[in-house]
>>> print(open('run-v4.csv').read())   # CSV, C-alpha atoms and all ligand atoms
chain,number,residue,atom,x,y,z
A,104,MET,CA,-40.1,-59.9,-8.9
A,105,ALA,CA,-37.2,-60.0,-11.3
A,106,THR,CA,-34.0,-61.7,-10.3
A,107,GLY,CA,-31.6,-59.2,-8.5
A,108,ASP,CA,-34.5,-56.8,-7.4
A,109,LYS,CA,-34.5,-56.2,-3.7
A,110,LYS,CA,-37.4,-55.0,-1.6
A,111,SER,CA,-36.8,-52.8,1.5
A,112,PRO,CA,-38.3,-54.7,4.4
A,113,GLY,CA,-41.9,-53.9,5.1
A,114,SER,CA,-42.2,-51.2,2.4
A,115,GLY,CA,-43.4,-53.3,-0.5
A,116,LYS,CA,-41.2,-51.0,-2.7
A,117,LYS,CA,-38.3,-52.2,-4.7
A,118,GLU,CA,-34.9,-51.0,-3.3
A,119,SER,CA,-33.2,-48.7,-5.7
A,120,PRO,CA,-29.7,-49.8,-7.1
A,121,LEU,CA,-28.7,-46.3,-6.2
A,122,LYS,CA,-29.3,-46.9,-2.5
A,123,GLY,CA,-26.1,-46.4,-0.5
A,124,LYS,CA,-24.2,-45.6,-3.7
A,125,LYS,CA,-21.8,-42.6,-3.6
A,126,VAL,CA,-22.8,-40.1,-6.3
A,127,LEU,CA,-20.7,-37.1,-7.2
A,128,ILE,CA,-22.4,-34.3,-9.2
A,129,THR,CA,-21.0,-31.1,-10.6
A,130,ALA,CA,-23.5,-28.4,-11.2
A,131,GLY,CA,-23.8,-24.8,-12.4
A,132,PRO,CA,-21.4,-22.5,-14.2
A,133,THR,CA,-17.9,-21.6,-13.3
A,134,ARG,CA,-16.6,-18.0,-13.1
A,135,GLU,CA,-13.2,-17.2,-14.5
A,136,HIS,CA,-12.0,-13.9,-13.0
A,137,LEU,CA,-10.2,-11.2,-15.1
A,138,ASP,CA,-10.0,-9.0,-12.0
A,139,PRO,CA,-11.8,-8.9,-8.7
A,140,VAL,CA,-15.0,-7.5,-10.3
A,141,ARG,CA,-15.2,-9.1,-13.7
A,142,PHE,CA,-15.4,-12.7,-14.9
A,143,ILE,CA,-16.1,-15.0,-17.9
A,144,SER,CA,-19.1,-17.3,-17.3
A,145,ASN,CA,-22.3,-18.6,-18.9
A,146,PRO,CA,-26.0,-18.6,-18.0
A,147,SER,CA,-26.1,-22.0,-16.4
A,148,SER,CA,-28.5,-21.9,-13.4
A,149,GLY,CA,-27.5,-25.2,-11.9
A,150,LYS,CA,-31.2,-26.3,-11.9
A,151,MET,CA,-30.4,-29.6,-13.8
A,152,GLY,CA,-27.6,-30.6,-11.5
A,153,TYR,CA,-29.6,-29.7,-8.3
A,154,ALA,CA,-32.6,-31.7,-9.7
A,155,LEU,CA,-30.2,-34.7,-10.3
A,156,ALA,CA,-29.0,-34.4,-6.7
A,157,ARG,CA,-32.6,-34.5,-5.4
A,158,ALA,CA,-33.4,-37.5,-7.7
A,159,CYS,CA,-30.4,-39.5,-6.5
A,160,LEU,CA,-31.0,-38.5,-2.8
A,161,SER,CA,-34.6,-39.7,-3.0
A,162,ARG,CA,-33.4,-43.1,-4.2
A,163,GLY,CA,-31.1,-43.4,-1.2
A,164,ALA,CA,-27.8,-42.4,-2.7
A,165,ARG,CA,-25.1,-40.5,-0.8
A,166,VAL,CA,-24.6,-37.4,-2.8
A,167,THR,CA,-21.7,-34.9,-3.0
A,168,LEU,CA,-22.7,-31.8,-5.0
A,169,ILE,CA,-19.9,-29.6,-6.3
A,170,SER,CA,-21.6,-26.4,-7.2
A,171,GLY,CA,-20.5,-23.4,-9.1
A,172,PRO,CA,-22.1,-20.0,-8.2
A,173,VAL,CA,-25.9,-20.4,-8.4
A,174,ALA,CA,-28.9,-18.9,-6.7
A,175,LEU,CA,-30.2,-22.3,-5.5
A,176,THR,CA,-30.4,-23.9,-2.0
A,177,PRO,CA,-29.0,-27.4,-2.0
A,178,PRO,CA,-31.5,-30.0,-0.7
A,179,PRO,CA,-30.8,-31.2,2.9
A,180,GLY,CA,-29.0,-34.5,3.4
A,181,LEU,CA,-26.1,-34.0,1.0
A,182,ARG,CA,-22.5,-32.7,1.1
A,183,THR,CA,-22.1,-29.5,-0.8
A,184,VAL,CA,-18.8,-28.0,-1.9
A,185,ARG,CA,-19.1,-24.5,-3.3
A,186,VAL,CA,-16.6,-23.4,-5.8
A,187,GLU,CA,-16.2,-20.6,-8.2
A,188,SER,CA,-13.6,-21.4,-10.9
A,189,ALA,CA,-13.0,-24.4,-13.1
A,190,LEU,CA,-9.7,-25.0,-11.4
A,191,GLN,CA,-11.4,-25.0,-8.0
A,192,MET,CA,-14.1,-27.4,-9.4
A,193,PHE,CA,-11.4,-29.7,-10.7
A,194,LYS,CA,-9.6,-29.8,-7.4
A,195,ALA,CA,-12.9,-30.6,-5.5
A,196,ALA,CA,-14.0,-33.2,-8.0
A,197,ARG,CA,-10.6,-34.9,-8.1
A,198,ALA,CA,-10.7,-35.2,-4.3
A,199,ALA,CA,-14.1,-36.8,-4.2
A,200,PHE,CA,-13.8,-38.9,-7.4
A,201,SER,CA,-11.8,-41.8,-6.0
A,202,GLY,CA,-14.5,-42.5,-3.4
A,203,CYS,CA,-17.5,-42.3,-5.8
A,204,ASP,CA,-19.5,-45.0,-7.6
A,205,VAL,CA,-21.2,-42.6,-10.0
A,206,PHE,CA,-20.0,-39.3,-11.4
A,207,ILE,CA,-22.6,-37.0,-13.1
A,208,ALA,CA,-20.9,-34.0,-14.7
A,209,SER,CA,-23.7,-31.6,-15.3
A,210,ALA,CA,-21.7,-28.4,-14.7
A,211,ALA,CA,-21.2,-25.9,-17.6
A,212,VAL,CA,-17.5,-25.5,-17.1
A,213,SER,CA,-15.8,-22.6,-18.8
A,214,ASP,CA,-13.4,-24.0,-21.4
A,215,TYR,CA,-11.1,-21.0,-21.0
A,216,ARG,CA,-9.9,-18.7,-18.2
A,217,PRO,CA,-7.8,-15.5,-18.5
A,218,ALA,CA,-4.2,-16.4,-18.6
A,219,ARG,CA,-3.6,-13.8,-15.9
A,220,ALA,CA,-6.1,-12.4,-13.4
A,221,SER,CA,-5.3,-8.9,-12.2
A,222,LYS,CA,-5.4,-8.4,-8.4
A,223,SER,CA,-6.9,-4.9,-8.8
A,224,LYS,CA,-9.7,-3.7,-11.1
A,225,ILE,CA,-8.5,-3.2,-14.7
A,226,LYS,CA,-8.9,0.5,-15.6
A,227,LYS,CA,-10.3,1.7,-18.8
A,228,ASP,CA,-7.0,3.4,-19.8
A,229,SER,CA,-4.7,0.6,-18.5
A,230,PRO,CA,-2.1,-0.5,-21.0
A,231,GLY,CA,-3.3,-3.7,-22.7
A,232,GLY,CA,-6.7,-3.3,-21.0
A,233,ARG,CA,-8.5,-4.1,-24.2
A,234,PHE,CA,-6.8,-7.4,-24.8
A,235,LEU,CA,-7.7,-10.6,-23.1
A,236,ARG,CA,-5.3,-13.6,-23.3
A,237,LEU,CA,-7.0,-16.9,-22.5
A,238,THR,CA,-5.7,-20.3,-21.5
A,239,LEU,CA,-7.5,-23.6,-21.5
A,240,ASN,CA,-9.1,-25.0,-18.4
A,241,PRO,CA,-8.7,-28.7,-17.6
A,242,ASP,CA,-11.6,-30.8,-18.9
A,243,ILE,CA,-12.6,-32.2,-15.5
A,244,LEU,CA,-14.7,-35.1,-16.9
A,245,GLN,CA,-12.1,-36.1,-19.4
A,246,LYS,CA,-9.3,-36.0,-17.0
A,247,LEU,CA,-11.1,-38.0,-14.3
A,248,SER,CA,-12.4,-40.5,-16.9
A,249,ARG,CA,-8.8,-41.7,-17.3
A,250,ALA,CA,-9.2,-43.3,-13.8
A,251,LYS,CA,-12.7,-44.5,-14.6
A,252,GLY,CA,-12.3,-48.0,-13.1
A,253,GLY,CA,-15.7,-49.5,-12.4
A,254,ARG,CA,-17.4,-46.1,-12.0
A,255,LEU,CA,-20.4,-45.0,-14.0
A,256,LEU,CA,-19.9,-41.7,-15.8
A,257,VAL,CA,-22.7,-39.5,-17.0
A,258,GLY,CA,-22.0,-36.4,-19.0
A,259,PHE,CA,-24.0,-33.5,-20.5
A,260,ALA,CA,-23.5,-31.8,-23.8
A,261,ALA,CA,-25.0,-28.4,-24.4
A,262,GLU,CA,-24.7,-27.7,-28.1
A,263,THR,CA,-25.9,-25.0,-30.5
A,264,GLY,CA,-25.6,-27.2,-33.6
A,265,SER,CA,-24.8,-30.8,-34.7
A,266,VAL,CA,-26.1,-31.8,-31.3
A,267,LEU,CA,-26.0,-35.6,-31.6
A,268,GLU,CA,-22.8,-35.7,-33.6
A,269,ASN,CA,-20.9,-33.6,-31.1
A,270,ALA,CA,-22.5,-35.4,-28.2
A,271,ARG,CA,-21.4,-38.8,-29.6
A,272,GLY,CA,-17.8,-37.6,-29.9
A,273,LYS,CA,-17.8,-36.5,-26.3
A,274,LEU,CA,-19.5,-39.8,-25.2
A,275,ARG,CA,-16.5,-41.7,-26.7
A,276,ASN,CA,-13.7,-39.3,-25.6
A,277,LYS,CA,-14.9,-39.0,-22.1
A,278,LYS,CA,-15.6,-42.8,-21.7
A,279,LEU,CA,-19.2,-42.1,-20.7
A,280,ASP,CA,-21.9,-44.7,-19.9
A,281,LEU,CA,-24.6,-42.2,-20.6
A,282,MET,CA,-24.7,-38.8,-22.3
A,283,VAL,CA,-27.5,-36.3,-22.0
A,284,ALA,CA,-27.5,-33.9,-25.0
A,285,ASN,CA,-29.5,-30.8,-25.5
A,286,ARG,CA,-29.6,-27.8,-27.8
A,287,VAL,CA,-29.0,-24.5,-26.1
A,288,GLY,CA,-29.6,-21.0,-27.3
A,289,ARG,CA,-33.3,-21.5,-27.7
A,290,LYS,CA,-36.0,-19.9,-25.5
A,291,GLY,CA,-37.9,-22.2,-23.1
A,292,THR,CA,-35.4,-25.0,-22.8
A,293,GLY,CA,-31.8,-25.5,-21.5
A,294,PHE,CA,-29.8,-22.7,-19.7
A,295,GLY,CA,-31.8,-21.0,-17.0
A,296,SER,CA,-35.1,-22.7,-17.9
A,297,ASP,CA,-37.1,-25.0,-15.6
A,298,PHE,CA,-37.6,-27.2,-18.7
A,299,ASN,CA,-35.2,-29.2,-20.9
A,300,GLN,CA,-35.5,-31.2,-24.1
A,301,VAL,CA,-32.8,-33.8,-24.2
A,302,THR,CA,-31.6,-36.8,-26.1
A,303,LEU,CA,-30.1,-39.7,-24.1
A,304,LEU,CA,-27.2,-41.5,-25.8
A,305,TRP,CA,-25.5,-44.7,-24.9
A,306,PRO,CA,-22.1,-46.1,-26.0
A,307,SER,CA,-23.9,-48.8,-28.0
A,308,GLY,CA,-25.2,-46.1,-30.4
A,309,LYS,CA,-28.7,-46.3,-29.0
A,310,ALA,CA,-30.3,-42.9,-28.7
A,311,GLU,CA,-33.6,-41.8,-27.2
A,312,THR,CA,-35.1,-38.3,-27.7
A,313,LEU,CA,-37.3,-37.3,-24.8
A,314,LYS,CA,-40.1,-34.7,-25.2
A,315,ARG,CA,-39.7,-31.3,-23.6
A,316,MET,CA,-40.3,-31.7,-19.8
A,317,ALA,CA,-39.5,-30.2,-16.4
A,318,LYS,CA,-35.8,-30.6,-15.4
A,319,GLU,CA,-37.1,-32.4,-12.3
A,320,ARG,CA,-38.6,-35.1,-14.6
A,321,VAL,CA,-35.5,-35.2,-16.8
A,322,ALA,CA,-33.5,-35.8,-13.7
A,323,GLY,CA,-35.9,-38.7,-12.7
A,324,ARG,CA,-35.4,-40.2,-16.2
A,325,VAL,CA,-31.6,-39.9,-15.9
A,326,ALA,CA,-31.7,-41.5,-12.4
A,327,ASP,CA,-33.9,-44.3,-13.8
A,328,GLU,CA,-31.2,-45.0,-16.5
A,329,ILE,CA,-28.4,-44.9,-14.0
A,330,GLU,CA,-30.4,-47.5,-11.9
A,331,LYS,CA,-30.6,-49.7,-15.0
A,332,LEU,CA,-26.9,-49.4,-15.6
A,333,LEU,CA,-26.1,-50.2,-12.0
A,334,LYS,CA,-28.1,-53.4,-12.0
B,1,LIG,O1,-18.1,-28.5,-22.4
B,1,LIG,P1,-18.5,-29.8,-23.0
B,1,LIG,O2,-19.6,-29.8,-24.0
B,1,LIG,O3,-17.3,-30.6,-23.6
B,1,LIG,O4,-19.0,-30.7,-21.8
B,1,LIG,C1,-19.3,-32.0,-21.9
B,1,LIG,C2,-19.2,-32.7,-20.5
B,1,LIG,O5,-17.9,-32.5,-20.0
B,1,LIG,C3,-20.2,-32.1,-19.5
B,1,LIG,O6,-20.6,-33.2,-18.8
B,1,LIG,C4,-19.3,-31.1,-18.7
B,1,LIG,O7,-19.8,-31.0,-17.3
B,1,LIG,C5,-18.0,-31.8,-18.7
B,1,LIG,N1,-16.8,-30.8,-18.7
B,1,LIG,C6,-16.0,-30.8,-17.6
B,1,LIG,N2,-14.9,-29.9,-17.6
B,1,LIG,C7,-14.7,-29.1,-18.7
B,1,LIG,C8,-15.6,-29.1,-19.7
B,1,LIG,C9,-16.7,-30.0,-19.7
B,1,LIG,O8,-16.1,-31.6,-16.7
B,1,LIG,N3,-13.7,-28.2,-18.6
>>> encode(input="run-v4.csv", output="structure tokens")
Amino acid sequence: MATGDKKSPGSGKKESPLKGKKVLITAGPTREHLDPVRFISNPSSGKMGYALARACLSRGARVTLISGPVALTPPPGLRTVRVESALQMFKAARAAFSGCDVFIASAAVSDYRPARASKSKIKKDSPGGRFLRLTLNPDILQKLSRAKGGRLLVGFAAETGSVLENARGKLRNKKLDLMVANRVGRKGTGFGSDFNQVTLLWPSGKAETLKRMAKERVAGRVADEIEKLLK
């Protein structure tokens, strides 16, 4: 047994470094309402984030899942906070961040929201109805990374081009310990799919491209890497 590895009594199995750790995960898309019946969003299904929650739970972590609107049922045994907009997700993540050991930002947060949301449905003939003024949402991961302390930060980058270059920039800007980058906009991987094809990136410059696999397995690999980083 390697130095530092612990065994849970009687099980013969090594105890995971994630055991008892507080893991905060954001998952799914956000919705940015223009009016009560319309919104800006993206096709994120939340499957990757929910798979990560299961992977961390199965290793004994205490998981808080902040979920945008998705059609998934959270696994039992975790705390789920359901949110709709990026601002709500930011508020919920900020409240849970100080108490967490690991923050995994897998949500596909909308970068923009309408500068003004109408309280009633915008009519076809309403003055200015064809124009949409947008304002920037807070970058949750970047803002929280300023108070990183000893926490481990894991980010995701969904890109349509220059995947690794863009992901490396975000890894640096958001002070991440691990970045999971994938190309989106292709059939059979990424948004909505049960499969993902990702490259793992570390601050040292190391990169590892994984083959296309089920999101459940990608989550297991990410959890394995988190365990190594926690050791
Ligand atoms: O959208 P972007 O590619 O910059 O996302 C990179 C990482 O930052 C992801 O982990 C995502 O969850 C996070 N993010 C965030 N808040 C935003 C935008 C992105 O937490 N407003």
>>> closest_residue(input="run-v4.csv", among="A:Ala198, A:Met192, A:Cys159, A:Ala220", to="Val140 (chain A)", atoms="all atoms listed in the file")
A:Ala220
>>> residues_near_ligand(input="run-v4.csv", ligand="ligand LIG 1 (chain B)", cutoff="7 Å", atoms="all atoms listed in the file", output="tab-separated table (two decimals) with C-alpha atoms, in the frame of the given file")
chain	number	residue	atom	x	y	z
A	129	THR	CA	-21.00	-31.10	-10.60
A	189	ALA	CA	-13.00	-24.40	-13.10
A	208	ALA	CA	-20.90	-34.00	-14.70
A	209	SER	CA	-23.70	-31.60	-15.30
A	210	ALA	CA	-21.70	-28.40	-14.70
A	211	ALA	CA	-21.20	-25.90	-17.60
A	212	VAL	CA	-17.50	-25.50	-17.10
A	213	SER	CA	-15.80	-22.60	-18.80
A	214	ASP	CA	-13.40	-24.00	-21.40
A	240	ASN	CA	-9.10	-25.00	-18.40
A	241	PRO	CA	-8.70	-28.70	-17.60
A	242	ASP	CA	-11.60	-30.80	-18.90
A	243	ILE	CA	-12.60	-32.20	-15.50
A	244	LEU	CA	-14.70	-35.10	-16.90
A	245	GLN	CA	-12.10	-36.10	-19.40
A	257	VAL	CA	-22.70	-39.50	-17.00
A	258	GLY	CA	-22.00	-36.40	-19.00
A	259	PHE	CA	-24.00	-33.50	-20.50
A	260	ALA	CA	-23.50	-31.80	-23.80
A	261	ALA	CA	-25.00	-28.40	-24.40
A	262	GLU	CA	-24.70	-27.70	-28.10
A	273	LYS	CA	-17.80	-36.50	-26.30
>>> residues_near_point(input="run-v4.csv", point="(-13.3, -13.3, -8.6)", cutoff="10 Å", atoms="all atoms listed in the file", output="PyMOL selection string")
chain A and resi 134-143+187-188+220-222
>>> write_last_selection(input="run-v4.csv", atoms="C-alpha atoms", output="PDB file, keeping the file's coordinate frame")
ATOM      1  CA  ARG A 134     -16.600 -18.000 -13.100  1.00  0.00           C
ATOM      2  CA  GLU A 135     -13.200 -17.200 -14.500  1.00  0.00           C
ATOM      3  CA  HIS A 136     -12.000 -13.900 -13.000  1.00  0.00           C
ATOM      4  CA  LEU A 137     -10.200 -11.200 -15.100  1.00  0.00           C
ATOM      5  CA  ASP A 138     -10.000  -9.000 -12.000  1.00  0.00           C
ATOM      6  CA  PRO A 139     -11.800  -8.900  -8.700  1.00  0.00           C
ATOM      7  CA  VAL A 140     -15.000  -7.500 -10.300  1.00  0.00           C
ATOM      8  CA  ARG A 141     -15.200  -9.100 -13.700  1.00  0.00           C
ATOM      9  CA  PHE A 142     -15.400 -12.700 -14.900  1.00  0.00           C
ATOM     10  CA  ILE A 143     -16.100 -15.000 -17.900  1.00  0.00           C
ATOM     11  CA  GLU A 187     -16.200 -20.600  -8.200  1.00  0.00           C
ATOM     12  CA  SER A 188     -13.600 -21.400 -10.900  1.00  0.00           C
ATOM     13  CA  ALA A 220      -6.100 -12.400 -13.400  1.00  0.00           C
ATOM     14  CA  SER A 221      -5.300  -8.900 -12.200  1.00  0.00           C
ATOM     15  CA  LYS A 222      -5.400  -8.400  -8.400  1.00  0.00           C
TER      16      LYS A 222
END
>>> closest_atom_pairs(input="run-v4.csv", of="region 305-330 of chain A", to="region 280-284 of chain A", cutoff="9 Å", atoms="all atoms listed in the file", output="JSON lines")
{"residue": "A:Trp305", "atom": "CA", "partner": "A:Leu281", "partner_atom": "CA", "distance": 5.1}
{"residue": "A:Pro306", "atom": "CA", "partner": "A:Asp280", "partner_atom": "CA", "distance": 6.3}
{"residue": "A:Val325", "atom": "CA", "partner": "A:Val283", "partner_atom": "CA", "distance": 8.2}
{"residue": "A:Glu328", "atom": "CA", "partner": "A:Leu281", "partner_atom": "CA", "distance": 8.3}
{"residue": "A:Ile329", "atom": "CA", "partner": "A:Leu281", "partner_atom": "CA", "distance": 8.1}
>>> closest_residue(input="run-v4.csv", among="A:Ser248, A:Asn276, A:Ser265, A:Asn299", to="Ala317 (chain A)", atoms="all atoms listed in the file")
A:Asn299
>>> atom_distance(input="run-v4.csv", atom1="CA of Ile169 (chain A)", atom2="CA of Leu247 (chain A)")
14.6 Å
>>> closest_residue(input="run-v4.csv", among="A:Arg165, A:Asp204, A:Ser296, A:Leu235", to="Ala218 (chain A)", atoms="all atoms listed in the file")
A:Leu235
>>> atom_distance(input="run-v4.csv", atom1="CA of Thr312 (chain A)", atom2="CA of Tyr153 (chain A)")
21.9 Å
>>> closest_residue(input="run-v4.csv", among="A:Arg271, A:Lys278, A:Lys116, A:Lys224", to="Leu255 (chain A)", atoms="all atoms listed in the file")
A:Lys278
>>> residues_around(input="run-v4.csv", residues="Arg289 (chain A)", least_positions_apart="3", cutoff="12 Å", atoms="all atoms listed in the file", output="JSON, numbers by chain")
{"A": [261, 262, 263, 264, 285, 286, 292, 293, 294, 295, 296, 298, 299, 300]}
>>> atom_distance(input="run-v4.csv", atom1="CA of Glu319 (chain A)", atom2="CA of Ser161 (chain A)")
12.1 Å
>>> closest_residue(input="run-v4.csv", among="A:Leu160, A:Leu274, A:Leu175, A:Leu239", to="Lys124 (chain A)", atoms="all atoms listed in the file")
A:Leu160
>>> closest_residue(input="run-v4.csv", among="A:Val287, A:Arg249, A:Glu118, A:Pro217", to="Phe234 (chain A)", atoms="all atoms listed in the file")
A:Pro217
>>> residues_near_point(input="run-v4.csv", point="(-15.4, -41.0, -1.4)", cutoff="10 Å", atoms="only C-alpha atoms", output="PyMOL selection string")
chain A and resi 125-127+165-167+198-204
>>> decode(input="run-v4.csv", residues="region 113-135 of chain A", atoms="N, CA, C and O atoms", output="mmCIF file, in the first residue's frame")
data_model
loop_
_atom_site.group_PDB
_atom_site.id
_atom_site.type_symbol
_atom_site.label_atom_id
_atom_site.label_comp_id
_atom_site.auth_asym_id
_atom_site.auth_seq_id
_atom_site.Cartn_x
_atom_site.Cartn_y
_atom_site.Cartn_z
ATOM 1 N N GLY A 113 -12.120 -3.305 7.339
ATOM 2 C CA GLY A 113 -12.852 -4.509 6.970
ATOM 3 C C GLY A 113 -13.218 -4.624 5.506
ATOM 4 O O GLY A 113 -13.622 -5.668 5.045
ATOM 5 N N SER A 114 -13.101 -3.556 4.730
ATOM 6 C CA SER A 114 -13.560 -3.602 3.341
ATOM 7 C C SER A 114 -12.471 -4.107 2.390
ATOM 8 O O SER A 114 -12.768 -4.621 1.329
ATOM 9 N N GLY A 115 -11.205 -3.918 2.778
ATOM 10 C CA GLY A 115 -10.108 -4.276 1.890
ATOM 11 C C GLY A 115 -9.963 -3.270 0.759
ATOM 12 O O GLY A 115 -9.072 -3.364 -0.063
ATOM 13 N N LYS A 116 -10.883 -2.295 0.679
ATOM 14 C CA LYS A 116 -10.852 -1.292 -0.393
ATOM 15 C C LYS A 116 -10.178 -0.035 0.103
ATOM 16 O O LYS A 116 -10.361 0.363 1.254
ATOM 17 N N LYS A 117 -9.409 0.612 -0.785
ATOM 18 C CA LYS A 117 -8.762 1.862 -0.386
ATOM 19 C C LYS A 117 -9.816 2.938 -0.184
ATOM 20 O O LYS A 117 -10.769 3.019 -0.946
ATOM 21 N N GLU A 118 -9.587 3.761 0.835
ATOM 22 C CA GLU A 118 -10.532 4.853 1.077
ATOM 23 C C GLU A 118 -10.250 5.979 0.093
ATOM 24 O O GLU A 118 -9.093 6.337 -0.121
ATOM 25 N N SER A 119 -11.282 6.510 -0.501
ATOM 26 C CA SER A 119 -11.091 7.576 -1.485
ATOM 27 C C SER A 119 -10.719 8.888 -0.797
ATOM 28 O O SER A 119 -11.296 9.237 0.236
ATOM 29 N N PRO A 120 -9.765 9.644 -1.378
ATOM 30 C CA PRO A 120 -9.466 10.979 -0.827
ATOM 31 C C PRO A 120 -10.681 11.916 -0.910
ATOM 32 O O PRO A 120 -10.695 12.965 -0.282
ATOM 33 N N LEU A 121 -11.697 11.500 -1.672
ATOM 34 C CA LEU A 121 -12.913 12.325 -1.754
ATOM 35 C C LEU A 121 -13.864 12.064 -0.581
ATOM 36 O O LEU A 121 -14.815 12.817 -0.374
ATOM 37 N N LYS A 122 -13.587 11.013 0.167
ATOM 38 C CA LYS A 122 -14.488 10.652 1.280
ATOM 39 C C LYS A 122 -14.594 11.800 2.285
ATOM 40 O O LYS A 122 -13.582 12.307 2.769
ATOM 41 N N GLY A 123 -15.822 12.232 2.530
ATOM 42 C CA GLY A 123 -16.065 13.304 3.496
ATOM 43 C C GLY A 123 -15.801 14.701 2.951
ATOM 44 O O GLY A 123 -16.096 15.698 3.607
ATOM 45 N N LYS A 124 -15.250 14.786 1.730
ATOM 46 C CA LYS A 124 -14.960 16.109 1.161
ATOM 47 C C LYS A 124 -16.269 16.748 0.680
ATOM 48 O O LYS A 124 -17.173 16.066 0.206
ATOM 49 N N LYS A 125 -16.325 18.071 0.803
ATOM 50 C CA LYS A 125 -17.526 18.783 0.351
ATOM 51 C C LYS A 125 -17.321 19.226 -1.088
ATOM 52 O O LYS A 125 -16.406 20.022 -1.366
ATOM 53 N N VAL A 126 -18.139 18.676 -1.958
ATOM 54 C CA VAL A 126 -17.996 18.958 -3.392
ATOM 55 C C VAL A 126 -19.212 19.749 -3.871
ATOM 56 O O VAL A 126 -20.356 19.347 -3.664
ATOM 57 N N LEU A 127 -18.919 20.867 -4.485
ATOM 58 C CA LEU A 127 -19.975 21.721 -5.043
ATOM 59 C C LEU A 127 -19.930 21.588 -6.564
ATOM 60 O O LEU A 127 -18.861 21.705 -7.168
ATOM 61 N N ILE A 128 -21.088 21.310 -7.167
ATOM 62 C CA ILE A 128 -21.138 21.107 -8.623
ATOM 63 C C ILE A 128 -22.235 21.985 -9.216
ATOM 64 O O ILE A 128 -23.359 22.011 -8.704
ATOM 65 N N THR A 129 -21.900 22.710 -10.278
ATOM 66 C CA THR A 129 -22.965 23.376 -11.046
ATOM 67 C C THR A 129 -23.201 22.543 -12.298
ATOM 68 O O THR A 129 -22.270 22.001 -12.880
ATOM 69 N N ALA A 130 -24.468 22.454 -12.697
ATOM 70 C CA ALA A 130 -24.802 21.591 -13.834
ATOM 71 C C ALA A 130 -25.945 22.179 -14.658
ATOM 72 O O ALA A 130 -26.765 22.947 -14.143
ATOM 73 N N GLY A 131 -25.964 21.780 -15.914
ATOM 74 C CA GLY A 131 -27.090 22.151 -16.783
ATOM 75 C C GLY A 131 -26.963 23.540 -17.369
ATOM 76 O O GLY A 131 -25.960 24.237 -17.162
ATOM 77 N N PRO A 132 -27.991 23.959 -18.068
ATOM 78 C CA PRO A 132 -27.976 25.292 -18.695
ATOM 79 C C PRO A 132 -28.537 26.338 -17.736
ATOM 80 O O PRO A 132 -28.970 26.002 -16.625
ATOM 81 N N THR A 133 -28.500 27.567 -18.118
ATOM 82 C CA THR A 133 -29.299 28.582 -17.421
ATOM 83 C C THR A 133 -30.306 29.147 -18.429
ATOM 84 O O THR A 133 -30.122 29.002 -19.639
ATOM 85 N N ARG A 134 -31.357 29.732 -17.907
ATOM 86 C CA ARG A 134 -32.364 30.383 -18.755
ATOM 87 C C ARG A 134 -32.411 31.854 -18.410
ATOM 88 O O ARG A 134 -32.540 32.205 -17.239
ATOM 89 N N GLU A 135 -32.328 32.668 -19.422
ATOM 90 C CA GLU A 135 -32.333 34.116 -19.228
ATOM 91 C C GLU A 135 -33.597 34.671 -19.882
ATOM 92 O O GLU A 135 -33.684 34.757 -21.105
#
